[in-house]
$ cat entry_4.cif   # mmCIF, C-alpha atoms
data_structure
#
loop_
_atom_site.group_PDB
_atom_site.id
_atom_site.type_symbol
_atom_site.label_atom_id
_atom_site.label_comp_id
_atom_site.auth_asym_id
_atom_site.auth_seq_id
_atom_site.Cartn_x
_atom_site.Cartn_y
_atom_site.Cartn_z
ATOM 1 C CA MET B 174 0.000 0.000 0.000
ATOM 2 C CA ASP B 175 2.852 2.306 0.928
ATOM 3 C CA VAL B 176 4.446 1.641 -2.447
ATOM 4 C CA LEU B 177 1.187 2.478 -4.228
ATOM 5 C CA TRP B 178 0.923 5.812 -2.378
ATOM 6 C CA LYS B 179 4.523 6.600 -3.264
ATOM 7 C CA LEU B 180 3.895 5.830 -6.945
ATOM 8 C CA LEU B 181 0.770 7.996 -6.890
ATOM 9 C CA TRP B 182 2.763 10.798 -5.229
ATOM 10 C CA ILE B 183 5.412 10.549 -7.981
ATOM 11 C CA VAL B 184 2.702 10.902 -10.638
ATOM 12 C CA VAL B 185 1.252 13.957 -8.853
ATOM 13 C CA CYS B 186 4.701 15.576 -8.382
ATOM 14 C CA ILE B 187 5.491 15.164 -12.086
ATOM 15 C CA THR B 188 2.035 16.135 -13.333
ATOM 16 C CA VAL B 189 1.703 19.417 -11.396
ATOM 17 C CA PRO B 190 4.808 21.169 -12.844
ATOM 18 C CA VAL B 191 4.254 19.708 -16.328
ATOM 19 C CA VAL B 192 0.656 21.014 -16.395
ATOM 20 C CA TRP B 193 1.947 24.363 -15.093
ATOM 21 C CA GLY B 194 4.518 24.456 -17.904
ATOM 22 C CA VAL B 195 1.878 23.639 -20.536
ATOM 23 C CA ILE B 196 -0.451 26.371 -19.204
ATOM 24 C CA VAL B 197 2.380 28.959 -19.160
ATOM 25 C CA HIS B 198 3.311 27.996 -22.732
ATOM 26 C CA ALA B 199 -0.312 28.327 -23.867
ATOM 27 C CA VAL B 200 -0.657 31.745 -22.198
ATOM 28 C CA PHE B 201 2.582 33.051 -23.720
ATOM 29 C CA GLU B 202 1.621 31.737 -27.156
ATOM 30 C CA ARG B 203 -1.735 33.491 -26.869
ATOM 31 C CA LEU B 204 -0.071 36.746 -25.824
ATOM 32 C CA ARG B 205 2.398 36.493 -28.693
ATOM 33 C CA SER B 206 -0.284 35.917 -31.336
ATOM 34 C CA ARG B 207 -2.688 38.543 -29.982
ATOM 35 C CA PRO B 208 -3.580 41.147 -32.635
ATOM 36 C CA ARG B 209 -2.704 44.803 -32.033
ATOM 37 C CA ASP B 210 -5.146 46.674 -29.877
ATOM 38 C CA ASP B 211 -6.846 49.940 -30.743
ATOM 39 C CA GLU B 212 -4.104 52.083 -29.201
ATOM 40 C CA ASP B 213 -1.489 50.556 -31.512
ATOM 41 C CA SER B 214 -3.738 51.190 -34.519
ATOM 42 C CA VAL B 215 -4.158 54.837 -33.547
ATOM 43 C CA LEU B 216 -0.399 55.215 -33.176
ATOM 44 C CA SER B 217 0.235 53.638 -36.547
ATOM 45 C CA ASP B 218 -2.355 55.969 -38.077
ATOM 46 C CA PHE B 219 -0.427 58.915 -36.683
ATOM 47 C CA GLN B 220 2.822 57.564 -38.130
ATOM 48 C CA ILE B 221 1.225 57.335 -41.563
ATOM 49 C CA MET I 164 3.003 21.096 4.138
ATOM 50 C CA PRO I 165 -0.172 21.822 6.118
ATOM 51 C CA GLU I 166 1.655 24.092 8.552
ATOM 52 C CA THR I 167 2.583 26.492 5.756
ATOM 53 C CA THR I 168 1.153 29.932 6.441
ATOM 54 C CA VAL I 169 0.106 32.498 3.882
ATOM 55 C CA VAL I 170 3.117 34.614 4.853
ATOM 56 C CA GLU I 171 5.521 31.716 4.259
ATOM 57 C CA PHE I 172 3.883 31.055 0.888
ATOM 58 C CA LEU I 173 4.238 34.724 -0.091
ATOM 59 C CA VAL I 174 7.861 34.890 1.073
ATOM 60 C CA THR I 175 8.679 31.748 -0.922
ATOM 61 C CA THR I 176 6.851 33.155 -3.974
ATOM 62 C CA LEU I 177 8.863 36.382 -3.736
ATOM 63 C CA THR I 178 12.073 34.384 -3.328
ATOM 64 C CA GLY I 179 11.190 32.316 -6.402
ATOM 65 C CA GLY I 180 10.442 35.559 -8.230
ATOM 66 C CA ALA I 181 13.816 37.065 -7.292
ATOM 67 C CA VAL I 182 15.700 33.922 -8.357
ATOM 68 C CA GLY I 183 13.624 33.767 -11.570
ATOM 69 C CA LEU I 184 14.420 37.421 -12.280
ATOM 70 C CA VAL I 185 18.168 36.866 -11.953
ATOM 71 C CA ALA I 186 17.959 33.614 -13.940
ATOM 72 C CA GLY I 187 15.913 35.342 -16.644
ATOM 73 C CA VAL I 188 18.478 38.122 -17.012
ATOM 74 C CA PHE I 189 21.218 35.579 -17.756
ATOM 75 C CA GLY I 190 19.009 33.067 -19.616
ATOM 76 C CA VAL I 191 19.698 30.185 -17.223
ATOM 77 C CA GLY I 192 17.433 27.905 -15.216
ATOM 78 C CA GLY I 193 18.404 29.238 -11.793
ATOM 79 C CA GLY I 194 18.391 25.896 -9.954
ATOM 80 C CA PHE I 195 21.999 26.497 -8.856
ATOM 81 C CA LEU I 196 20.825 29.658 -7.062
ATOM 82 C CA LEU I 197 17.554 28.324 -5.715
ATOM 83 C CA VAL I 198 18.871 25.614 -3.407
ATOM 84 C CA PRO I 199 21.476 27.834 -1.630
ATOM 85 C CA VAL I 200 18.928 30.659 -1.264
ATOM 86 C CA LEU I 201 16.196 28.361 0.087
ATOM 87 C CA HIS I 202 18.566 26.688 2.532
ATOM 88 C CA VAL I 203 20.698 29.599 3.698
ATOM 89 C CA LEU I 204 18.167 32.456 3.648
ATOM 90 C CA LEU I 205 14.849 30.667 4.332
ATOM 91 C CA GLY I 206 16.180 27.792 6.447
ATOM 92 C CA VAL I 207 14.626 25.059 4.290
ATOM 93 C CA PRO I 208 16.375 21.684 4.857
ATOM 94 C CA VAL I 209 18.803 20.815 2.052
ATOM 95 C CA SER I 210 16.925 17.661 0.963
ATOM 96 C CA THR I 211 13.615 19.559 0.757
ATOM 97 C CA ALA I 212 15.274 22.450 -1.112
ATOM 98 C CA VAL I 213 16.868 20.011 -3.570
ATOM 99 C CA GLY I 214 13.530 18.185 -4.082
ATOM 100 C CA ALA I 215 11.694 21.486 -4.625
ATOM 101 C CA GLY I 216 14.394 22.796 -6.977
ATOM 102 C CA THR I 217 14.231 19.643 -9.084
ATOM 103 C CA CYS I 218 10.425 19.500 -9.211
ATOM 104 C CA GLN I 219 9.897 23.181 -10.025
ATOM 105 C CA ALA I 220 12.474 22.972 -12.852
ATOM 106 C CA LEU I 221 10.045 20.686 -14.663
ATOM 107 C CA GLY I 222 7.627 23.620 -15.208
ATOM 108 C CA PRO I 223 9.928 26.006 -17.128
ATOM 109 C CA SER I 224 11.671 23.134 -18.923
ATOM 110 C CA THR I 225 8.277 21.899 -20.200
ATOM 111 C CA THR I 226 7.486 25.414 -21.438
ATOM 112 C CA ALA I 227 10.902 25.690 -23.139
ATOM 113 C CA LEU I 228 10.529 22.276 -24.767
ATOM 114 C CA LEU I 229 7.064 23.107 -26.127
ATOM 115 C CA TYR I 230 8.362 26.427 -27.437
ATOM 116 C CA ARG I 231 11.437 25.038 -29.208
ATOM 117 C CA ARG I 232 9.908 21.698 -30.318
ATOM 118 C CA PRO I 233 13.157 19.831 -31.109
ATOM 119 C CA ASP I 234 13.059 17.584 -34.181
ATOM 120 C CA ARG I 235 13.831 13.865 -34.202
ATOM 121 C CA GLU I 236 17.489 14.349 -35.192
ATOM 122 C CA THR I 237 18.085 16.560 -32.161
ATOM 123 C CA LEU I 238 16.936 13.741 -29.869
ATOM 124 C CA ARG I 239 19.755 11.374 -30.835
ATOM 125 C CA LEU I 240 22.505 12.832 -28.614
ATOM 126 C CA PRO I 241 20.247 13.369 -25.547
ATOM 127 C CA PHE I 242 19.075 9.744 -25.715
ATOM 128 C CA VAL I 243 22.680 8.503 -25.836
ATOM 129 C CA LEU I 244 23.517 10.703 -22.851
ATOM 130 C CA PHE I 245 20.431 9.512 -21.010
ATOM 131 C CA GLY I 246 21.957 6.060 -20.452
ATOM 132 C CA GLY I 247 24.478 7.615 -18.064
ATOM 133 C CA LEU I 248 22.134 10.320 -16.817
ATOM 134 C CA PHE I 249 19.554 7.749 -15.659
ATOM 135 C CA VAL I 250 22.016 5.888 -13.432
ATOM 136 C CA GLY I 251 23.657 9.127 -12.245
ATOM 137 C CA VAL I 252 20.360 10.663 -11.082
ATOM 138 C CA LEU I 253 19.501 7.467 -9.173
ATOM 139 C CA PHE I 254 22.837 7.541 -7.299
ATOM 140 C CA GLY I 255 22.726 11.306 -6.730
ATOM 141 C CA GLY I 256 19.176 11.169 -5.377
ATOM 142 C CA ALA I 257 19.964 8.178 -3.171
ATOM 143 C CA ALA I 258 22.825 10.117 -1.540
ATOM 144 C CA HIS I 259 20.157 12.173 0.265
ATOM 145 C CA ALA I 260 18.677 9.164 2.009
ATOM 146 C CA GLY I 261 18.531 10.247 5.574
ATOM 147 C CA THR I 262 22.150 10.674 6.670
ATOM 148 C CA GLU I 263 23.220 13.746 8.649
ATOM 149 C CA SER I 264 26.408 14.152 6.636
ATOM 150 C CA ALA I 265 24.464 14.262 3.332
ATOM 151 C CA GLU I 266 23.625 17.931 3.907
ATOM 152 C CA HIS I 267 27.289 18.799 4.436
ATOM 153 C CA VAL I 268 28.345 16.792 1.368
ATOM 154 C CA VAL I 269 25.742 18.561 -0.811
ATOM 155 C CA LEU I 270 26.956 21.993 0.311
ATOM 156 C CA VAL I 271 30.628 21.114 -0.237
ATOM 157 C CA VAL I 272 29.912 19.782 -3.747
ATOM 158 C CA TYR I 273 27.857 22.929 -4.431
ATOM 159 C CA LEU I 274 30.723 25.142 -3.316
ATOM 160 C CA VAL I 275 33.293 23.344 -5.475
ATOM 161 C CA LEU I 276 31.014 23.265 -8.545
ATOM 162 C CA LEU I 277 30.082 26.948 -8.277
ATOM 163 C CA LEU I 278 33.721 27.984 -7.802
ATOM 164 C CA VAL I 279 34.922 25.893 -10.762
ATOM 165 C CA LEU I 280 32.152 27.257 -13.006
ATOM 166 C CA ALA I 281 32.758 30.832 -11.832
ATOM 167 C CA VAL I 282 36.487 30.622 -12.594
ATOM 168 C CA PHE I 283 35.756 29.030 -15.976
ATOM 169 C CA VAL I 284 33.126 31.625 -16.971
ATOM 170 C CA ILE I 285 35.283 34.584 -15.870
ATOM 171 C CA LEU I 286 38.382 33.153 -17.599
ATOM 172 C CA GLU I 287 36.429 32.414 -20.780
ATOM 173 C CA SER I 288 34.901 35.903 -20.770
ATOM 174 C CA TRP I 289 38.296 37.551 -20.173
ATOM 175 C CA LEU I 290 40.039 35.554 -22.923
ATOM 176 C CA SER I 291 37.204 36.231 -25.391
ATOM 177 C CA SER I 292 37.388 39.966 -24.699
ATOM 178 C CA ARG I 293 41.113 39.831 -25.552
ATOM 179 C CA GLY I 294 40.405 38.048 -28.837
ATOM 180 C CA ARG I 295 41.775 34.685 -27.661
ATOM 181 C CA PRO I 296 38.747 32.385 -27.193
ATOM 182 C CA LEU I 297 39.259 29.025 -25.491
ATOM 183 C CA PRO I 298 39.710 26.048 -27.840
ATOM 184 C CA ARG I 299 36.645 23.788 -28.228
ATOM 185 C CA GLY I 300 36.142 20.032 -28.476
ATOM 186 C CA TRP I 301 38.737 18.837 -25.929
ATOM 187 C CA LEU I 302 37.217 15.324 -25.821
ATOM 188 C CA ARG I 303 36.186 15.177 -29.453
ATOM 189 C CA PHE I 304 38.971 12.840 -30.536
ATOM 190 C CA VAL I 305 39.193 10.491 -27.535
ATOM 191 C CA PRO I 306 39.950 7.105 -29.170
ATOM 192 C CA ILE I 307 37.618 4.869 -27.103
ATOM 193 C CA PRO I 308 35.269 2.798 -29.325
ATOM 194 C CA PRO I 309 32.438 2.295 -30.080
ATOM 195 C CA TYR I 310 31.639 5.611 -31.683
ATOM 196 C CA GLY I 311 28.312 7.304 -32.384
ATOM 197 C CA ARG I 312 27.716 9.394 -35.470
ATOM 198 C CA PHE I 313 25.882 12.704 -35.066
ATOM 199 C CA PRO I 314 25.963 14.359 -38.504
ATOM 200 C CA ASP I 315 23.180 16.776 -37.536
ATOM 201 C CA ILE I 316 25.378 18.451 -34.910
ATOM 202 C CA ALA I 317 28.379 18.920 -37.213
ATOM 203 C CA GLN I 318 30.468 16.266 -35.452
ATOM 204 C CA PRO I 319 31.741 13.335 -37.487
ATOM 205 C CA ARG I 320 31.751 10.955 -34.505
ATOM 206 C CA LEU I 321 31.964 10.938 -30.706
ATOM 207 C CA SER I 322 33.064 8.171 -28.343
ATOM 208 C CA LEU I 323 29.942 6.561 -26.829
ATOM 209 C CA PRO I 324 31.652 5.452 -23.555
ATOM 210 C CA VAL I 325 32.890 9.022 -22.993
ATOM 211 C CA LEU I 326 29.380 10.386 -23.618
ATOM 212 C CA VAL I 327 27.827 7.865 -21.231
ATOM 213 C CA TRP I 328 30.361 8.565 -18.448
ATOM 214 C CA PHE I 329 29.835 12.276 -18.976
ATOM 215 C CA GLY I 330 26.071 11.727 -18.667
ATOM 216 C CA LEU I 331 26.655 9.754 -15.487
ATOM 217 C CA GLY I 332 28.534 12.680 -13.938
ATOM 218 C CA VAL I 333 25.943 15.273 -14.951
ATOM 219 C CA GLY I 334 23.117 13.002 -13.745
ATOM 220 C CA TYR I 335 24.814 12.473 -10.379
ATOM 221 C CA LEU I 336 25.227 16.230 -9.872
ATOM 222 C CA SER I 337 21.596 16.802 -10.872
ATOM 223 C CA GLY I 338 20.268 14.177 -8.469
ATOM 224 C CA LEU I 339 22.539 15.324 -5.643
ATOM 225 C CA LEU I 340 22.245 19.102 -6.022
ATOM 226 C CA GLY I 341 18.744 19.581 -7.456
ATOM 227 C CA ILE I 342 20.017 21.437 -10.506
ATOM 228 C CA SER I 343 18.479 20.503 -13.822
ATOM 229 C CA GLY I 344 21.903 20.116 -15.377
ATOM 230 C CA GLY I 345 21.860 22.832 -18.035
ATOM 231 C CA LEU I 346 24.439 24.892 -16.152
ATOM 232 C CA VAL I 347 26.996 22.084 -16.474
ATOM 233 C CA LEU I 348 25.742 20.574 -19.700
ATOM 234 C CA LEU I 349 25.801 23.624 -21.965
ATOM 235 C CA PRO I 350 29.448 24.712 -21.517
ATOM 236 C CA ALA I 351 30.546 21.070 -21.340
ATOM 237 C CA MET I 352 28.921 20.192 -24.673
ATOM 238 C CA VAL I 353 30.449 23.244 -26.317
ATOM 239 C CA TYR I 354 33.959 22.975 -24.860
ATOM 240 C CA LEU I 355 34.348 19.216 -24.270
ATOM 241 C CA PHE I 356 32.598 17.865 -27.361
ATOM 242 C CA GLY I 357 32.758 20.835 -29.718
ATOM 243 C CA VAL I 358 28.983 20.870 -30.285
ATOM 244 C CA PRO I 359 27.868 24.220 -31.785
ATOM 245 C CA ALA I 360 26.162 26.489 -29.250
ATOM 246 C CA GLN I 361 22.713 26.407 -30.929
ATOM 247 C CA ASP I 362 22.722 22.593 -31.066
ATOM 248 C CA SER I 363 23.899 22.466 -27.442
ATOM 249 C CA VAL I 364 20.897 24.557 -26.382
ATOM 250 C CA ARG I 365 18.460 22.286 -28.224
ATOM 251 C CA CYS I 366 20.068 19.095 -26.863
ATOM 252 C CA SER I 367 20.300 20.415 -23.315
ATOM 253 C CA LEU I 368 16.591 21.344 -23.325
ATOM 254 C CA VAL I 369 15.708 17.707 -23.948
ATOM 255 C CA VAL I 370 18.248 16.454 -21.402
ATOM 256 C CA VAL I 371 17.090 18.925 -18.750
ATOM 257 C CA TRP I 372 13.475 17.800 -19.177
ATOM 258 C CA LEU I 373 14.365 14.100 -18.988
ATOM 259 C CA VAL I 374 16.592 14.662 -15.940
ATOM 260 C CA SER I 375 13.946 16.799 -14.225
ATOM 261 C CA VAL I 376 11.282 14.109 -14.656
ATOM 262 C CA GLN I 377 13.523 11.370 -13.327
ATOM 263 C CA ALA I 378 15.016 13.412 -10.475
ATOM 264 C CA THR I 379 11.509 14.521 -9.435
ATOM 265 C CA ALA I 380 10.446 10.867 -9.326
ATOM 266 C CA VAL I 381 13.488 9.930 -7.213
ATOM 267 C CA HIS I 382 13.008 12.800 -4.754
ATOM 268 C CA ALA I 383 9.226 12.225 -4.570
ATOM 269 C CA TRP I 384 9.903 8.571 -3.744
ATOM 270 C CA ASN I 385 12.303 9.671 -0.981
ATOM 271 C CA GLY I 386 9.709 12.136 0.399
ATOM 272 C CA ASN I 387 11.725 15.261 -0.443
ATOM 273 C CA VAL I 388 9.113 17.055 -2.576
ATOM 274 C CA ASP I 389 6.925 19.683 -0.893
ATOM 275 C CA LEU I 390 4.290 20.684 -3.454
ATOM 276 C CA TRP I 391 3.343 23.908 -1.620
ATOM 277 C CA LEU I 392 6.944 25.032 -1.813
ATOM 278 C CA VAL I 393 7.132 23.971 -5.471
ATOM 279 C CA SER I 394 3.891 25.832 -6.328
ATOM 280 C CA ALA I 395 5.111 29.039 -4.679
ATOM 281 C CA LEU I 396 8.442 28.821 -6.487
ATOM 282 C CA MET I 397 6.839 28.172 -9.886
ATOM 283 C CA LEU I 398 4.394 31.032 -9.415
ATOM 284 C CA GLY I 399 7.093 33.562 -8.496
ATOM 285 C CA GLY I 400 9.679 32.065 -10.833
ATOM 286 C CA THR I 401 7.478 32.337 -13.943
ATOM 287 C CA VAL I 402 6.778 36.035 -13.390
ATOM 288 C CA GLY I 403 10.386 36.759 -12.366
ATOM 289 C CA ALA I 404 11.893 34.922 -15.331
ATOM 290 C CA ARG I 405 9.600 36.798 -17.728
ATOM 291 C CA LEU I 406 10.689 40.152 -16.288
ATOM 292 C CA GLY I 407 14.321 39.026 -16.154
ATOM 293 C CA SER I 408 14.445 37.984 -19.805
ATOM 294 C CA ALA I 409 13.048 41.416 -20.776
ATOM 295 C CA VAL I 410 15.772 43.095 -18.703
ATOM 296 C CA GLY I 411 18.454 40.730 -20.052
ATOM 297 C CA SER I 412 17.579 41.409 -23.682
ATOM 298 C CA ARG I 413 18.075 45.140 -23.013
ATOM 299 C CA LEU I 414 21.387 44.628 -21.202
ATOM 300 C CA GLY I 415 22.917 42.275 -23.775
ATOM 301 C CA GLY I 416 26.541 43.027 -24.566
ATOM 302 C CA THR I 417 29.809 41.325 -23.848
ATOM 303 C CA GLY I 418 29.842 41.937 -20.106
ATOM 304 C CA LEU I 419 26.915 39.595 -19.472
ATOM 305 C CA ARG I 420 29.082 36.485 -19.098
ATOM 306 C CA LEU I 421 31.458 38.294 -16.742
ATOM 307 C CA ARG I 422 28.499 39.381 -14.601
ATOM 308 C CA PHE I 423 27.248 35.789 -14.657
ATOM 309 C CA GLY I 424 30.649 34.644 -13.359
ATOM 310 C CA ILE I 425 30.377 37.161 -10.540
ATOM 311 C CA LEU I 426 26.859 35.859 -9.783
ATOM 312 C CA LEU I 427 28.284 32.337 -9.533
ATOM 313 C CA LEU I 428 30.954 33.632 -7.141
ATOM 314 C CA ALA I 429 28.238 35.282 -5.026
ATOM 315 C CA ALA I 430 26.269 32.010 -4.896
ATOM 316 C CA ALA I 431 29.469 30.218 -3.869
ATOM 317 C CA GLY I 432 29.966 32.838 -1.141
ATOM 318 C CA LEU I 433 26.461 32.128 0.176
ATOM 319 C CA VAL I 434 27.207 28.406 0.371
ATOM 320 C CA ALA I 435 30.621 29.052 1.991
ATOM 321 C CA PHE I 436 28.952 31.288 4.595
ATOM 322 C CA GLN I 437 26.575 28.447 5.509
ATOM 323 C CA LEU I 438 29.394 25.891 5.609
ATOM 324 C CA PHE I 439 31.883 27.840 7.670
ATOM 325 C CA ARG I 440 29.747 29.984 9.954
ATOM 326 C CA PRO I 441 30.234 29.146 13.620
ATOM 327 C CA THR I 442 27.433 27.023 15.092
ATOM 328 C CA THR I 443 25.947 28.247 18.358
#

$ encode --input "entry_4.cif" --output "structure tokens"
Amino acid sequence: MDVLWKLLWIVVCITVPVVWGVIVHAVFERLRSRPRDDEDSVLSDFQI
Amino acid sequence: MPETTVVEFLVTTLTGGAVGLVAGVFGVGGGFLLVPVLHVLLGVPVSTAVGAGTCQALGPSTTALLYRRPDRETLRLPFVLFGGLFVGVLFGGAAHAGTESAEHVVLVVYLVLLLVLAVFVILESWLSSRGRPLPRGWLRFVPIPPYGRFPDIAQPRLSLPVLVWFGLGVGYLSGLLGISGGLVLLPAMVYLFGVPAQDSVRCSLVVVWLVSVQATAVHAWNGNVDLWLVSALMLGGTVGARLGSAVGSRLGGTGLRLRFGILLLAAAGLVAFQLFRPTT
């Protein structure tokens, strides 16, 4: 039983940081691909 | 860690953020800084600090791996190294098993490793600034068969026993010290095996992830992983590393490696302070 708990604990300890890493990657990817907001468009209009 | 208070969680998050910030500036993982800071400044036991350092490294290394997405050819060298890494991590992690002297051994090995790396980085930076870069590929032509061919990393062939023994050493340090191995692996691949810097980065990303998974399993089995501590460190570390990389990209320049050498010396000083301070 003790061995089973230890194995389960290993799975949890690996899963938590991996899921965190996947979420952080997804958030950064979303930020990177986000289109320019209105303020940027106004600025670019001024530059034109 | 049920006894963890909100204040302790916040302090650990801020500590993780500060370490992440510094690591982000220099583009390194920061595990080498995390364990001394957790132990010396926050009083976390060495085994717990090592377990937390190893486990939290899995978060950023997963992000980095997803971002870079190494191709199949890049995986060849890491998988050869992993033979030695696997055994090394097992031995390094087992060295923590309950003995009083383990803590002292970990700190001494930390001190020696940080000093050696600091001297190397400062020397390399100084020689490069004088137009005399260190030669690369010191172990490239070691005549110990069998050999592996890695055409994708611009090396005709490398001795497999040398690679496996090298992996064993890096794995042992990772399991013992809670570092993900990139700090040792990157300069070693460039200077010992002559692997181009870009290929070294790609290979070390894969190795760091594999080592982090295995070392986390070993330390979780030994009861050294505190998930509250790990969560606080990942939370602070992610924000800190993001800010740090923005600062680092502005700093740039040739003095960055010299400053990194000085940072390594400072980390070594922290460990030396803990080792040699008089006990009351």

$ resolve_selection --input "entry_4.cif" --expression "the PyMOL selection byres ((chain B) within 7 of (chain I))" --output "list in words"
Lys179, Trp182, Ile183, Cys186, Ile187, Pro190, Val191, Trp193, Gly194, Val195, Val197 and His198 of chain B

$ residues_around --input "entry_4.cif" --residues "Pro350 (chain I)" --least-positions-apart "5" --cutoff "12 Å" --atoms "only C-alpha atoms" --output "ChimeraX atom specification"
/I:191,280-281,283-284,287,297,299-301,344-345,355-364,367

$ closest_residue --input "entry_4.cif" --among "I:Leu373, I:Leu253, I:Ala351, I:Val279" --to "Leu331 (chain I)" --atoms "all atoms listed in the file"
I:Leu253

$ atom_distance --input "entry_4.cif" --atom1 "CA of Leu339 (chain I)" --atom2 "CA of Leu278 (chain I)"
17.0 Å

$ resolve_selection --input "entry_4.cif" --expression "the PyMOL selection byres ((chain I and resi 346) around 12)" --output "PyMOL selection string"
chain I and resi 186+189-196+276-277+279-281+284+333+336-337+340-345+347-353+363-364+367-368+370-371+423-424+427

$ atom_distance --input "entry_4.cif" --atom1 "CA of Gly411 (chain I)" --atom2 "CA of Gly187 (chain I)"
6.9 Å

$ atom_distance --input "entry_4.cif" --atom1 "CA of Gly214 (chain I)" --atom2 "CA of Thr237 (chain I)"
28.5 Å

$ residues_around --input "entry_4.cif" --residues "Gly332 (chain I)" --least-positions-apart "2" --cutoff "8 Å" --atoms "all atoms listed in the file" --output "list in words"
Gly247, Leu248, Gly251, Trp328, Phe329, Gly330, Gly334, Tyr335 and Leu336 of chain I

$ write_last_selection --input "entry_4.cif" --atoms "C-alpha atoms" --output "CSV table (one decimal), in the frame of the given file"
chain,number,residue,atom,x,y,z
I,247,GLY,CA,24.5,7.6,-18.1
I,248,LEU,CA,22.1,10.3,-16.8
I,251,GLY,CA,23.7,9.1,-12.2
I,328,TRP,CA,30.4,8.6,-18.4
I,329,PHE,CA,29.8,12.3,-19.0
I,330,GLY,CA,26.1,11.7,-18.7
I,334,GLY,CA,23.1,13.0,-13.7
I,335,TYR,CA,24.8,12.5,-10.4
I,336,LEU,CA,25.2,16.2,-9.9

$ decode --input "entry_4.cif" --residues "region 361-372 of chain I" --atoms "N, CA, C and O atoms" --output "PDB file, in the first residue's frame"
ATOM      1  N   GLN I 361      24.159  26.549 -30.677  1.00  0.00           N
ATOM      2  CA  GLN I 361      22.713  26.407 -30.929  1.00  0.00           C
ATOM      3  C   GLN I 361      22.243  24.969 -30.737  1.00  0.00           C
ATOM      4  O   GLN I 361      21.192  24.715 -30.141  1.00  0.00           O
ATOM      5  N   ASP I 362      23.075  24.008 -31.234  1.00  0.00           N
ATOM      6  CA  ASP I 362      22.722  22.593 -31.066  1.00  0.00           C
ATOM      7  C   ASP I 362      22.788  22.196 -29.600  1.00  0.00           C
ATOM      8  O   ASP I 362      21.998  21.374 -29.132  1.00  0.00           O
ATOM      9  N   SER I 363      23.770  22.764 -28.878  1.00  0.00           N
ATOM     10  CA  SER I 363      23.899  22.466 -27.442  1.00  0.00           C
ATOM     11  C   SER I 363      22.645  22.892 -26.698  1.00  0.00           C
ATOM     12  O   SER I 363      22.168  22.181 -25.814  1.00  0.00           O
ATOM     13  N   VAL I 364      22.108  24.058 -27.051  1.00  0.00           N
ATOM     14  CA  VAL I 364      20.897  24.557 -26.382  1.00  0.00           C
ATOM     15  C   VAL I 364      19.745  23.601 -26.627  1.00  0.00           C
ATOM     16  O   VAL I 364      19.032  23.203 -25.693  1.00  0.00           O
ATOM     17  N   ARG I 365      19.576  23.180 -27.897  1.00  0.00           N
ATOM     18  CA  ARG I 365      18.460  22.286 -28.224  1.00  0.00           C
ATOM     19  C   ARG I 365      18.602  20.947 -27.503  1.00  0.00           C
ATOM     20  O   ARG I 365      17.641  20.423 -26.948  1.00  0.00           O
ATOM     21  N   CYS I 366      19.839  20.387 -27.527  1.00  0.00           N
ATOM     22  CA  CYS I 366      20.068  19.095 -26.863  1.00  0.00           C
ATOM     23  C   CYS I 366      19.855  19.217 -25.355  1.00  0.00           C
ATOM     24  O   CYS I 366      19.247  18.344 -24.728  1.00  0.00           O
ATOM     25  N   SER I 367      20.376  20.302 -24.770  1.00  0.00           N
ATOM     26  CA  SER I 367      20.300  20.415 -23.315  1.00  0.00           C
ATOM     27  C   SER I 367      18.858  20.605 -22.854  1.00  0.00           C
ATOM     28  O   SER I 367      18.500  20.165 -21.763  1.00  0.00           O
ATOM     29  N   LEU I 368      18.009  21.213 -23.686  1.00  0.00           N
ATOM     30  CA  LEU I 368      16.591  21.344 -23.325  1.00  0.00           C
ATOM     31  C   LEU I 368      15.960  19.974 -23.114  1.00  0.00           C
ATOM     32  O   LEU I 368      15.235  19.752 -22.146  1.00  0.00           O
ATOM     33  N   VAL I 369      16.261  19.062 -24.049  1.00  0.00           N
ATOM     34  CA  VAL I 369      15.708  17.707 -23.948  1.00  0.00           C
ATOM     35  C   VAL I 369      16.271  16.999 -22.727  1.00  0.00           C
ATOM     36  O   VAL I 369      15.538  16.379 -21.940  1.00  0.00           O
ATOM     37  N   VAL I 370      17.597  17.115 -22.541  1.00  0.00           N
ATOM     38  CA  VAL I 370      18.248  16.454 -21.402  1.00  0.00           C
ATOM     39  C   VAL I 370      17.695  16.984 -20.089  1.00  0.00           C
ATOM     40  O   VAL I 370      17.382  16.216 -19.168  1.00  0.00           O
ATOM     41  N   VAL I 371      17.573  18.304 -19.987  1.00  0.00           N
ATOM     42  CA  VAL I 371      17.090  18.925 -18.750  1.00  0.00           C
ATOM     43  C   VAL I 371      15.693  18.424 -18.405  1.00  0.00           C
ATOM     44  O   VAL I 371      15.389  18.121 -17.251  1.00  0.00           O
ATOM     45  N   TRP I 372      14.836  18.282 -19.430  1.00  0.00           N
ATOM     46  CA  TRP I 372      13.475  17.800 -19.177  1.00  0.00           C
ATOM     47  C   TRP I 372      13.504  16.353 -18.694  1.00  0.00           C
ATOM     48  O   TRP I 372      12.847  16.010 -17.711  1.00  0.00           O
TER      49      TRP I 372
END
